[in-house]
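Enquirer: So that you have it, the file is model-v3.cif, and it contains mmCIF, C-alpha atoms:
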```cif
data_start
#
loop_
_atom_site.label_atom_id
_atom_site.label_comp_id
_atom_site.auth_asym_id
_atom_site.auth_seq_id
_atom_site.Cartn_x
_atom_site.Cartn_y
_atom_site.Cartn_z
CA MET A 1 -11.35 -0.99 -54.70
CA THR A 2 -10.99 -0.34 -58.40
CA LEU A 3 -8.10 2.07 -57.78
CA VAL A 4 -6.36 -0.53 -55.58
CA THR A 5 -6.84 -3.14 -58.31
CA LEU A 6 -5.38 -0.78 -60.89
CA VAL A 7 -2.38 0.03 -58.70
CA LEU A 8 -1.75 -3.66 -58.03
CA ALA A 9 -2.07 -4.51 -61.70
CA ALA A 10 0.33 -1.71 -62.58
CA ALA A 11 2.81 -2.93 -59.94
CA LEU A 12 2.66 -6.48 -61.27
CA ALA A 13 3.09 -5.27 -64.82
CA ALA A 14 6.14 -3.25 -63.79
CA GLN A 15 7.51 -6.32 -62.00
CA ASP A 16 7.00 -8.42 -65.13
CA ALA A 17 8.73 -5.79 -67.24
CA GLY A 18 11.66 -5.71 -64.79
CA ASN A 19 12.03 -9.48 -64.80
CA GLU A 20 11.85 -9.55 -68.59
CA ALA A 21 14.55 -6.88 -68.72
CA LEU A 22 16.68 -9.06 -66.43
CA ARG A 23 16.11 -12.10 -68.63
CA LEU A 24 17.18 -10.13 -71.68
CA ALA A 25 20.20 -8.69 -69.89
CA LEU A 26 21.32 -12.21 -69.00
CA LYS A 27 20.55 -13.41 -72.54
CA ASP A 28 18.50 -16.12 -70.92
CA THR A 29 16.19 -18.60 -72.60
CA PRO A 30 12.66 -17.31 -73.32
CA LEU A 31 10.17 -19.02 -71.02
CA GLY A 32 6.46 -19.61 -71.33
CA PRO A 33 3.87 -17.67 -69.32
CA GLU A 34 3.51 -20.48 -66.81
CA TRP A 35 6.91 -19.60 -65.30
CA ILE A 36 7.47 -16.89 -62.71
CA TYR A 37 10.89 -15.53 -63.50
CA ASN A 38 13.31 -14.88 -60.65
CA ASP A 39 10.61 -13.83 -58.18
CA LEU A 40 10.33 -16.16 -55.24
CA ASP A 41 7.90 -14.00 -53.26
CA ARG A 42 5.50 -13.99 -56.17
CA GLY A 43 5.92 -17.75 -56.48
CA PHE A 44 4.98 -18.34 -52.86
CA ALA A 45 2.02 -15.98 -53.19
CA GLU A 46 0.75 -17.79 -56.28
CA ALA A 47 1.17 -21.19 -54.64
CA LYS A 48 -0.78 -19.96 -51.63
CA ARG A 49 -3.51 -18.50 -53.84
CA THR A 50 -3.93 -21.61 -55.98
CA GLY A 51 -3.20 -24.32 -53.41
CA LYS A 52 -0.73 -25.90 -55.83
CA PRO A 53 2.80 -27.04 -54.99
CA MET A 54 5.80 -25.02 -56.16
CA LEU A 55 8.53 -26.09 -58.51
CA VAL A 56 11.55 -23.87 -57.91
CA VAL A 57 14.42 -24.20 -60.35
CA PHE A 58 17.83 -22.70 -59.58
CA ARG A 59 20.08 -22.39 -62.61
CA MET B 1 15.61 -18.46 -60.06
CA VAL B 2 18.70 -17.20 -61.84
CA GLN B 3 20.54 -15.79 -58.87
CA ALA B 4 21.91 -16.95 -55.54
CA ASN B 5 22.00 -13.30 -54.38
CA GLY B 6 19.98 -12.93 -51.22
CA ILE B 7 19.02 -16.60 -51.15
CA ASP B 8 17.38 -17.81 -47.93
CA LEU B 9 19.84 -20.43 -46.70
CA SER B 10 17.53 -21.59 -43.94
CA LEU B 11 15.21 -22.96 -46.65
CA PHE B 12 17.36 -23.56 -49.71
CA GLN B 13 20.07 -26.00 -48.73
CA PHE B 14 21.37 -28.00 -51.67
CA ASP B 15 24.47 -28.93 -53.60
CA THR B 16 25.51 -25.51 -54.83
CA ASN B 17 27.90 -26.99 -57.37
CA LEU B 18 24.94 -28.04 -59.50
CA THR B 19 24.19 -26.16 -62.69
CA TRP B 20 20.49 -26.97 -62.30
CA ALA B 21 18.77 -27.66 -58.98
CA VAL B 22 15.08 -28.10 -58.16
CA PHE B 23 12.96 -27.84 -55.04
CA PHE B 24 9.38 -29.06 -54.78
CA LEU B 25 7.65 -27.03 -52.08
CA ASN B 26 4.40 -26.28 -50.39
CA ALA B 27 3.48 -22.59 -50.11
CA ASP B 28 4.14 -22.89 -46.36
CA ARG B 29 7.82 -23.70 -47.15
CA THR B 30 7.52 -27.43 -46.45
CA ILE B 31 9.89 -29.25 -48.78
CA TYR B 32 8.45 -32.22 -50.64
CA GLY B 33 11.71 -33.12 -52.34
CA ARG B 34 14.75 -32.10 -54.30
CA TYR B 35 15.93 -32.96 -57.78
CA GLY B 36 19.34 -32.50 -59.36
CA THR B 37 22.51 -34.57 -59.04
CA ARG B 38 25.95 -34.10 -60.47
CA ALA B 39 28.81 -36.57 -60.45
CA ASP B 40 31.28 -35.08 -62.91
CA LYS B 41 32.18 -32.06 -64.99
CA GLY B 42 29.60 -33.06 -67.60
CA ALA B 43 26.77 -32.20 -65.20
CA VAL B 44 23.97 -34.26 -66.80
CA SER B 45 24.92 -37.91 -66.32
CA ARG B 46 22.66 -38.36 -63.29
CA ILE B 47 19.55 -36.45 -64.48
CA SER B 48 16.99 -37.08 -67.20
CA THR B 49 13.60 -35.76 -68.30
CA ALA B 50 12.09 -39.18 -67.55
CA GLY B 51 13.48 -39.17 -64.04
CA PHE B 52 12.44 -35.56 -63.52
CA ARG B 53 8.90 -36.35 -64.61
CA LYS B 54 8.75 -39.18 -62.09
CA ALA B 55 10.11 -36.92 -59.38
CA MET B 56 7.39 -34.36 -60.20
CA GLU B 57 4.76 -37.10 -60.00
CA GLY B 58 6.18 -38.05 -56.62
CA ALA B 59 5.98 -34.45 -55.46
CA LEU B 60 2.34 -34.25 -56.53
CA GLU B 61 1.57 -37.42 -54.56
CA LEU B 62 3.19 -35.91 -51.48
CA HIS B 63 1.25 -32.67 -52.00
CA ALA B 64 -2.00 -34.61 -52.27
CA ALA B 65 -1.25 -36.32 -48.95
CA TYR B 66 -0.27 -33.09 -47.21
CA PRO B 67 -0.60 -32.11 -44.36
CA GLY B 68 -1.12 -35.67 -43.16
CA ASN B 69 2.51 -36.44 -44.04
CA ARG B 70 3.92 -33.26 -42.49
CA ALA B 71 5.92 -35.13 -39.82
CA ALA B 72 7.59 -37.37 -42.39
CA LEU B 73 8.61 -34.34 -44.45
CA ALA B 74 10.10 -32.40 -41.53
CA GLY B 75 13.58 -33.85 -42.03
CA LYS B 76 13.76 -32.42 -45.55
CA THR B 77 14.26 -28.96 -44.08
CA GLY B 78 17.84 -28.55 -42.98
CA PRO B 79 19.20 -27.47 -39.63
CA ALA B 80 19.44 -23.77 -38.83
CA PRO B 81 22.38 -22.59 -40.90
CA ARG B 82 25.33 -20.71 -39.52
CA ALA B 83 24.66 -18.06 -42.18
CA LYS B 84 21.04 -17.33 -43.05
CA SER B 85 21.94 -15.46 -46.21
CA PRO B 86 25.05 -14.93 -48.35
CA ASP B 87 25.69 -11.45 -46.96
CA ALA B 88 26.67 -13.07 -43.67
CA PHE B 89 29.96 -13.76 -45.42
CA PRO B 90 31.93 -10.48 -45.75
CA TRP B 91 33.46 -11.47 -49.08
CA LEU B 92 29.99 -12.00 -50.59
CA ARG B 93 28.70 -8.56 -49.62
CA GLN B 94 29.96 -7.23 -52.95
CA TYR B 95 26.83 -8.79 -54.44
CA PRO B 96 23.54 -6.90 -54.12
CA PRO B 97 20.57 -8.81 -52.66
CA THR B 98 18.69 -8.58 -55.96
CA LEU B 99 19.87 -8.45 -59.55
CA GLN B 100 19.26 -5.35 -61.62
CA PRO B 101 19.22 -5.65 -65.42
CA ALA B 102 21.81 -2.92 -65.94
CA THR B 103 24.42 -4.67 -63.78
CA ALA B 104 23.18 -8.27 -63.79
CA ASN B 105 26.14 -9.88 -65.49
CA LYS B 106 28.66 -8.38 -63.08
CA SER B 107 26.62 -8.62 -59.89
CA CYS B 108 25.34 -12.19 -60.15
CA MET B 109 26.57 -14.38 -57.32
CA HIS B 110 27.35 -17.90 -58.40
CA CYS B 111 25.85 -20.71 -56.33
CA HIS B 112 29.20 -22.47 -55.97
CA GLU B 113 30.49 -19.44 -54.06
CA LEU B 114 28.31 -20.64 -51.20
CA GLN B 115 30.11 -23.95 -50.83
CA ASP B 116 33.41 -22.13 -51.23
CA SER B 117 32.32 -19.83 -48.39
CA PHE B 118 31.26 -22.67 -46.10
CA GLN B 119 34.70 -24.21 -46.58
CA ARG B 120 36.46 -20.93 -46.04
CA VAL B 121 34.70 -20.34 -42.72
CA ALA B 122 35.46 -23.89 -41.58
CA ARG B 123 39.10 -23.57 -42.60
CA GLU B 124 39.92 -20.12 -41.26
CA PRO B 125 40.57 -21.14 -37.65
CA GLY B 126 43.29 -23.41 -39.04
CA LYS B 127 41.17 -26.49 -38.62
CA PRO B 128 41.00 -29.43 -41.04
CA LEU B 129 38.01 -29.45 -43.31
CA PRO B 130 35.48 -32.07 -42.22
CA ASP B 131 34.60 -34.84 -44.62
CA GLU B 132 31.08 -33.48 -45.16
CA LEU B 133 32.48 -30.25 -46.66
CA LEU B 134 34.93 -32.02 -48.97
CA TRP B 135 33.03 -35.13 -49.96
CA SER B 136 29.76 -33.24 -49.84
CA TRP B 137 26.42 -34.43 -51.21
CA PRO B 138 27.66 -38.02 -51.39
CA LEU B 139 26.56 -40.18 -54.28
CA PRO B 140 24.77 -43.42 -53.36
CA GLU B 141 27.41 -45.12 -55.51
CA TRP B 142 29.93 -44.47 -52.75
CA LEU B 143 27.97 -47.05 -50.76
CA GLY B 144 27.61 -49.36 -53.73
CA ILE B 145 24.17 -48.31 -55.01
CA ALA B 146 23.85 -47.10 -58.59
CA LEU B 147 20.46 -45.43 -59.01
CA ASP B 148 18.81 -45.20 -62.42
CA PRO B 149 18.55 -41.52 -63.48
CA ALA B 150 15.44 -42.38 -65.52
CA GLU B 151 13.53 -43.69 -62.53
CA ARG B 152 12.48 -42.52 -59.08
CA ALA B 153 15.30 -43.57 -56.69
CA THR B 154 15.40 -47.06 -58.19
CA VAL B 155 18.40 -49.33 -57.86
CA LYS B 156 20.08 -50.04 -61.18
CA SER B 157 22.89 -52.15 -59.72
CA VAL B 158 24.56 -53.00 -56.42
CA ALA B 159 28.33 -53.34 -56.15
CA ALA B 160 29.40 -56.72 -54.80
CA GLY B 161 30.76 -56.58 -51.26
CA SER B 162 29.60 -52.98 -50.77
CA ALA B 163 27.77 -51.57 -47.77
CA ALA B 164 24.57 -51.65 -49.84
CA ALA B 165 25.09 -55.30 -50.76
CA LYS B 166 25.61 -56.21 -47.10
CA ALA B 167 22.43 -54.30 -46.24
CA GLY B 168 20.46 -56.39 -48.71
CA PHE B 169 19.79 -53.86 -51.47
CA ARG B 170 18.98 -55.47 -54.81
CA GLU B 171 18.70 -54.36 -58.40
CA GLY B 172 15.18 -53.11 -59.07
CA ASP B 173 14.48 -52.03 -55.49
CA ARG B 174 12.86 -48.64 -55.25
CA ILE B 175 13.91 -46.58 -52.25
CA VAL B 176 10.60 -45.35 -50.84
CA ALA B 177 11.96 -43.67 -47.72
CA LEU B 178 15.21 -43.09 -45.86
CA GLU B 179 15.12 -42.39 -42.16
CA GLY B 180 11.36 -42.02 -42.56
CA GLN B 181 11.68 -39.27 -45.21
CA PRO B 182 9.85 -39.94 -48.50
CA VAL B 183 12.33 -40.19 -51.37
CA ILE B 184 11.45 -39.11 -54.91
CA SER B 185 14.89 -38.61 -56.47
CA ILE B 186 18.62 -39.31 -56.24
CA ALA B 187 18.97 -35.83 -54.71
CA ASP B 188 16.68 -36.90 -51.85
CA VAL B 189 18.98 -39.84 -51.16
CA GLN B 190 21.98 -37.51 -51.19
CA TRP B 191 20.22 -35.18 -48.74
CA VAL B 192 19.82 -37.95 -46.17
CA LEU B 193 23.38 -39.24 -46.67
CA GLN B 194 24.83 -35.72 -46.37
CA HIS B 195 23.26 -35.34 -42.92
CA ALA B 196 23.65 -38.91 -41.65
CA LYS B 197 25.81 -39.53 -38.59
CA GLU B 198 29.09 -41.29 -39.04
CA PRO B 199 29.65 -43.96 -37.98
CA GLY B 200 26.00 -44.86 -38.00
CA THR B 201 23.19 -46.42 -39.98
CA VAL B 202 20.47 -45.23 -42.33
CA LYS B 203 17.12 -47.00 -42.21
CA ALA B 204 15.64 -47.64 -45.63
CA ASP B 205 12.14 -48.61 -46.73
CA LEU B 206 12.30 -50.41 -50.05
CA ASP B 207 9.66 -51.44 -52.56
CA ARG B 208 10.66 -54.78 -54.07
CA ALA B 209 8.16 -55.75 -56.75
CA GLY B 210 5.32 -54.40 -54.66
CA ALA B 211 6.50 -55.85 -51.35
CA LYS B 212 7.73 -53.62 -48.53
CA VAL B 213 11.25 -54.51 -47.50
CA PRO B 214 13.17 -52.80 -44.72
CA ALA B 215 16.94 -52.43 -44.87
CA THR B 216 19.63 -50.83 -42.74
CA LEU B 217 22.53 -49.21 -44.52
CA PRO B 218 25.73 -49.09 -42.45
CA LEU B 219 27.89 -45.96 -42.64
CA ALA B 220 31.40 -46.80 -41.45
CA ARG B 221 33.76 -44.09 -40.27
CA GLY B 222 35.31 -42.43 -43.30
CA TRP B 223 32.80 -44.00 -45.68
CA ARG B 224 32.81 -40.92 -47.94
CA ARG B 225 36.53 -41.01 -48.56
CA GLY B 226 37.45 -42.47 -51.88
CA GLY B 227 34.64 -40.59 -53.62
CA ASP B 228 35.65 -38.24 -56.40
CA PHE B 229 35.02 -34.52 -55.89
CA SER B 230 37.62 -33.26 -58.36
CA TRP B 231 34.88 -31.90 -60.66
CA ARG B 232 33.78 -29.40 -58.02
CA PHE B 233 34.48 -25.74 -58.50
CA PHE B 234 36.74 -25.34 -55.48
CA VAL B 235 39.08 -27.91 -57.03
CA HIS B 236 38.94 -26.09 -60.36
CA GLU B 237 39.98 -22.92 -58.54
CA ALA B 238 42.67 -24.96 -56.77
CA PHE B 239 42.46 -22.93 -53.55
CA TYR B 240 44.29 -25.50 -51.47
CA THR B 241 47.02 -26.45 -53.90
CA GLY B 242 48.29 -23.00 -54.87
CA ASN B 243 46.69 -23.29 -58.28
CA LEU B 244 48.20 -26.62 -59.11
CA ARG B 245 45.92 -29.09 -60.86
CA VAL B 246 46.78 -32.69 -61.42
CA LYS B 247 45.41 -35.77 -63.10
CA PRO B 248 46.23 -39.35 -62.10
CA LEU B 249 48.19 -41.35 -64.68
CA THR B 250 46.78 -44.65 -65.87
CA PRO B 251 48.79 -47.82 -65.23
CA GLU B 252 49.78 -47.78 -68.91
CA GLU B 253 51.09 -44.22 -68.56
CA LYS B 254 52.95 -45.03 -65.34
CA ALA B 255 54.83 -48.04 -66.67
CA PRO B 256 57.23 -46.18 -69.03
CA LEU B 257 58.15 -43.88 -66.14
CA GLY B 258 59.10 -46.84 -63.97
CA LEU B 259 56.08 -46.32 -61.73
CA SER B 260 54.04 -49.26 -60.50
CA GLU B 261 50.25 -49.31 -60.48
CA LYS B 262 50.30 -48.68 -56.72
CA SER B 263 52.71 -45.76 -56.98
CA MET B 264 51.74 -42.11 -57.00
CA GLY B 265 51.63 -40.66 -60.47
CA LEU B 266 49.83 -37.30 -60.62
CA LYS B 267 50.50 -35.40 -63.82
CA VAL B 268 50.38 -31.62 -63.59
CA THR B 269 47.75 -30.25 -65.97
CA ARG B 270 47.66 -26.63 -64.88
CA VAL B 271 49.99 -24.26 -63.08
CA GLY B 272 48.62 -20.82 -62.31
CA TRP B 273 45.35 -19.12 -63.07
CA PRO B 274 44.88 -16.52 -65.77
CA VAL B 275 42.75 -14.22 -63.63
CA GLY B 276 44.98 -13.87 -60.61
CA PRO B 277 46.07 -15.56 -57.35
CA PRO B 278 46.76 -18.02 -55.93
CA ALA B 279 49.99 -18.55 -57.85
CA GLU B 280 52.09 -20.42 -55.34
CA ALA B 281 52.60 -23.43 -57.58
CA LYS B 282 53.99 -21.21 -60.33
CA LYS B 283 56.33 -19.44 -57.90
CA ALA B 284 57.42 -22.81 -56.52
CA GLY B 285 58.61 -23.85 -59.97
CA PHE B 286 56.05 -26.48 -60.97
CA LEU B 287 55.62 -27.04 -64.69
CA VAL B 288 52.83 -28.61 -66.72
CA ASP B 289 53.63 -32.29 -67.39
CA ASP B 290 55.60 -32.68 -64.15
CA VAL B 291 54.54 -35.93 -62.48
CA LEU B 292 54.11 -35.88 -58.70
CA VAL B 293 55.52 -39.10 -57.24
CA GLU B 294 55.74 -38.21 -53.56
CA VAL B 295 54.01 -35.74 -51.23
CA ASP B 296 55.37 -35.35 -47.69
CA GLY B 297 56.85 -38.82 -47.86
CA GLN B 298 53.66 -40.41 -49.15
CA SER B 299 53.81 -42.19 -52.48
CA GLY B 300 50.60 -44.19 -52.80
CA ALA B 301 48.34 -44.06 -55.86
CA TRP B 302 46.46 -40.85 -55.12
CA THR B 303 43.70 -39.25 -57.12
CA GLU B 304 43.37 -35.48 -57.38
CA SER B 305 40.67 -35.68 -54.69
CA ASP B 306 43.11 -37.51 -52.40
CA PHE B 307 45.71 -34.78 -52.98
CA VAL B 308 43.30 -31.92 -52.24
CA ALA B 309 41.87 -33.72 -49.20
CA TYR B 310 45.37 -34.28 -47.82
CA VAL B 311 46.11 -30.56 -47.96
CA ALA B 312 42.68 -29.51 -46.66
CA GLN B 313 42.70 -31.97 -43.77
CA LYS B 314 46.35 -32.51 -42.83
CA LYS B 315 47.97 -29.14 -43.52
CA ARG B 316 47.39 -25.63 -42.30
CA GLN B 317 47.87 -22.26 -43.92
CA GLY B 318 51.56 -21.46 -43.74
CA ASP B 319 52.68 -25.10 -43.93
CA LYS B 320 54.71 -26.41 -46.82
CA LEU B 321 54.34 -29.51 -48.91
CA ASP B 322 57.51 -31.40 -49.81
CA ILE B 323 56.80 -32.74 -53.27
CA ALA B 324 58.96 -34.90 -55.50
CA VAL B 325 58.25 -34.74 -59.22
CA LEU B 326 59.54 -36.50 -62.29
CA ARG B 327 60.57 -34.02 -64.96
CA GLY B 328 62.21 -35.22 -68.13
CA GLY B 329 62.82 -38.56 -66.50
CA LYS B 330 64.66 -37.04 -63.52
CA ARG B 331 63.45 -36.66 -59.96
CA GLN B 332 63.29 -33.16 -58.57
CA ASN B 333 62.20 -31.86 -55.17
CA LEU B 334 59.91 -28.84 -54.89
CA SER B 335 58.27 -27.09 -51.95
CA LEU B 336 54.68 -25.82 -52.23
CA PRO B 337 53.35 -23.40 -49.60
CA VAL B 338 49.80 -23.92 -48.34
CA THR B 339 48.02 -20.58 -48.68
CA ARG B 340 44.56 -21.51 -47.52
#
```
Take the structure in the file and write it out as structure tokens.
Expert:
Amino acid sequence: MTLVTLVLAAALAAQDAGNEALRLALKDTPLGPEWIYNDLDRGFAEAKRTGKPMLVVFR
Amino acid sequence: MVQANGIDLSLFQFDTNLTWAVFFLNADRTIYGRYGTRADKGAVSRISTAGFRKAMEGALELHAAYPGNRAALAGKTGPAPRAKSPDAFPWLRQYPPTLQPATANKSCMHCHELQDSFQRVAREPGKPLPDELLWSWPLPEWLGIALDPAERATVKSVAAGSAAAKAGFREGDRIVALEGQPVISIADVQWVLQHAKEPGTVKADLDRAGAKVPATLPLARGWRRGGDFSWRFFVHEAFYTGNLRVKPLTPEEKAPLGLSEKSMGLKVTRVGWPVGPPAEAKKAGFLVDDVLVEVDGQSGAWTESDFVAYVAQKKRQGDKLDIAVLRGGKRQNLSLPVTR
């Protein structure tokens, strides 16, 4: 279980790093930690986990 | 979301000429509402932080009532699209399904390319473009309702003699639902109007100072025509007019040219495109400042939208437009091929 948690955490961290690299490449506005950047799958997963509605912004 | 690459078109159906568009969703893909409206090149005249806040509050109310309101929300998901994703269009396959930082700037598909693609597919068999692809995402103003961007689908004014006036809409009314769908924004109103049958009617539930008031909005045949879509990207790219862009003269500008208020007077503002084709207008000899006074024998007071709609609905690829222009005070006849 601990190994799985570590692998998942590493995967998420890599995803965050990739999305941040994309944001920088696009010279996009810095966003706060409450935003999930350009990752719809992660958005749906988080909404399912928390039971909260999603706010999806296309721009 | 900063890309339209790989977008799921069965879920995300919206005005792709917006610079900023919002969906409120449940995790199970049920749509609570949309936010984002554009009426002109400026892009922000119909949105506000106050209105957005109220739309968000509306979405939270709908979420709190879910799934009890599931049936009412069903209509907010669009019909099965002809193309489920952008790569269904061969000319959009140049874009990868996901953006990579190293190539992001060159491989980012623009949302407006979707509407361009829908039009292209509809046009290719040589058919006229339907009204819903030209006058798409109709503004409630086209029916006489001006909604306040700072409120939640609330009527700011009603044009005298309009369809909305005849239906009994009044200033201050809040549109609670259309065709049974809860409405939390101007975009939600546009969604229903975009999909409404024509001719037909749209049933409205209004809140008038706390009282529930029903209304029925009539949609006459051709009700969208007369709306302005000249700010849209496909007009900027001038696909249908061989890269000729025009702007209607005011009555004051027409008078010195001997043109009446009811006469056509479309001043050429652009001929050609710096990045490539189409260039038919340039080859045909049009010049900036030419004034179109007649197109195929028609000389009424057209707007640029009227001109583009005429080509897209009355002409086919390979046809020619016989156009008379005023240049230096003299009338000259030019022929413009239709290339799309």
Enquirer: For atom CA of B:Asp131 and atom CA of B:Leu92, determine how far apart the two atoms are, in Å to one decimal place.
Expert: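 If I compute the distance from atom CA of B:Asp131 to atom CA of B:Leu92, I get 24.1 Å.
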Enquirer: Give me, as a list of chain:residue names, all polymer residues having an atom no more than 7 Å from stretch 207-217 of chain B, counting all atoms listed in the file and skipping those fewer than 6 positions away in the same chain.
Expert: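 Listing them by chain and then by number gives B:Ala163, B:Ala164, B:Ala167, B:Gly168, B:Gly172, B:Asp173, B:Arg174, B:Ile175, B:Val176, B:Thr201.
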Enquirer: Mind checking which residues fall within 12 Å of A:Lys27, counting all atoms listed in the file, ignoring those fewer than 4 positions away in the same chain, and posting them as a VMD selection string?
Expert: (chain A and resid 20 to 23 31) or (chain B and resid 2 101 104 to 105)
Enquirer: What is the distance, in Å and to one decimal place, between atom CA of B:Asp40 and atom CA of B:Glu179?
Expert: 27.3 Å
Enquirer: Please determine, counting all atoms listed in the file, which residue among B:Asn5, B:Ser299, B:Thr19, B:Ser10 has the shortest atom-to-atom distance to chain A.
Expert: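 When distances to chain A are compared using all atoms listed in the file, the smallest one comes from B:Thr19.
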Enquirer: Set the distance at 10 Å and use all atoms listed in the file: which residues neighbour B:Leu73 once local chain neighbours fewer than 4 positions away are removed? I'd like the list as a VMD selection string.
Expert: chain B and resid 30 to 33 62 66 to 69 77 180 to 183
Enquirer: Which residues are near stretch 301-318 of chain B? Cut-off 7 Å, only C-alpha atoms, ignore same chain within fewer than 6 positions. Put them as JSON, numbers by chain.
Expert: {"B": [126, 128, 129, 228, 229, 230, 240, 241, 246, 247, 248, 262, 263, 264, 265, 337, 338, 339, 340]}
Enquirer: Taking all atoms listed in the file into account, find every residue of chain B that has an atom no more than 9 Å from chain A, and write it out as a list in words.
Expert: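 In the required form, that comes to Met1, Val2, Gln3, Ala4, Leu18, Thr19, Trp20, Ala21, Val22, Phe23, Phe24, Leu25, Asn26, Ala27, Asp28, Arg29, Tyr32, Met56, Ala59, Leu60, His63, Leu99, Gln100, Pro101, Ala102, Thr103, Ala104, Asn105 and Cys111 of chain B.
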Enquirer: Got time to write the residues from that selection, C-alpha atoms, as a compact mmCIF listing (two decimals), in the coordinates of the input?
Expert:
```txt
# COMPACT_ATOMS: atom_id res chain seq x y z
CA MET B 1 15.61 -18.46 -60.06
CA VAL B 2 18.70 -17.20 -61.84
CA GLN B 3 20.54 -15.79 -58.87
CA ALA B 4 21.91 -16.95 -55.54
CA LEU B 18 24.94 -28.04 -59.50
CA THR B 19 24.19 -26.16 -62.69
CA TRP B 20 20.49 -26.97 -62.30
CA ALA B 21 18.77 -27.66 -58.98
CA VAL B 22 15.08 -28.10 -58.16
CA PHE B 23 12.96 -27.84 -55.04
CA PHE B 24 9.38 -29.06 -54.78
CA LEU B 25 7.65 -27.03 -52.08
CA ASN B 26 4.40 -26.28 -50.39
CA ALA B 27 3.48 -22.59 -50.11
CA ASP B 28 4.14 -22.89 -46.36
CA ARG B 29 7.82 -23.70 -47.15
CA TYR B 32 8.45 -32.22 -50.64
CA MET B 56 7.39 -34.36 -60.20
CA ALA B 59 5.98 -34.45 -55.46
CA LEU B 60 2.34 -34.25 -56.53
CA HIS B 63 1.25 -32.67 -52.00
CA LEU B 99 19.87 -8.45 -59.55
CA GLN B 100 19.26 -5.35 -61.62
CA PRO B 101 19.22 -5.65 -65.42
CA ALA B 102 21.81 -2.92 -65.94
CA THR B 103 24.42 -4.67 -63.78
CA ALA B 104 23.18 -8.27 -63.79
CA ASN B 105 26.14 -9.88 -65.49
CA CYS B 111 25.85 -20.71 -56.33
```
Enquirer: What residues come out when you apply the PyMOL selection byres ((chain B and resi 295) around 9) to this file, written as a list in words?
Expert: Met264, Leu292, Val293, Glu294, Asp296, Gly297, Gln298, Ser299, Phe307, Leu321, Asp322, Ile323 and Ala324 of chain B
Enquirer: Would you save the residues from that selection as a PDB file, in the coordinates of the input, using C-alpha atoms?
Expert:
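Okay, selection.pdb is ready:
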```pdb
ATOM      1  CA  MET B 264      51.740 -42.110 -57.000  1.00  0.00           C
ATOM      2  CA  LEU B 292      54.110 -35.880 -58.700  1.00  0.00           C
ATOM      3  CA  VAL B 293      55.520 -39.100 -57.240  1.00  0.00           C
ATOM      4  CA  GLU B 294      55.740 -38.210 -53.560  1.00  0.00           C
ATOM      5  CA  ASP B 296      55.370 -35.350 -47.690  1.00  0.00           C
ATOM      6  CA  GLY B 297      56.850 -38.820 -47.860  1.00  0.00           C
ATOM      7  CA  GLN B 298      53.660 -40.410 -49.150  1.00  0.00           C
ATOM      8  CA  SER B 299      53.810 -42.190 -52.480  1.00  0.00           C
ATOM      9  CA  PHE B 307      45.710 -34.780 -52.980  1.00  0.00           C
ATOM     10  CA  LEU B 321      54.340 -29.510 -48.910  1.00  0.00           C
ATOM     11  CA  ASP B 322      57.510 -31.400 -49.810  1.00  0.00           C
ATOM     12  CA  ILE B 323      56.800 -32.740 -53.270  1.00  0.00           C
ATOM     13  CA  ALA B 324      58.960 -34.900 -55.500  1.00  0.00           C
TER      14      ALA B 324
END
```
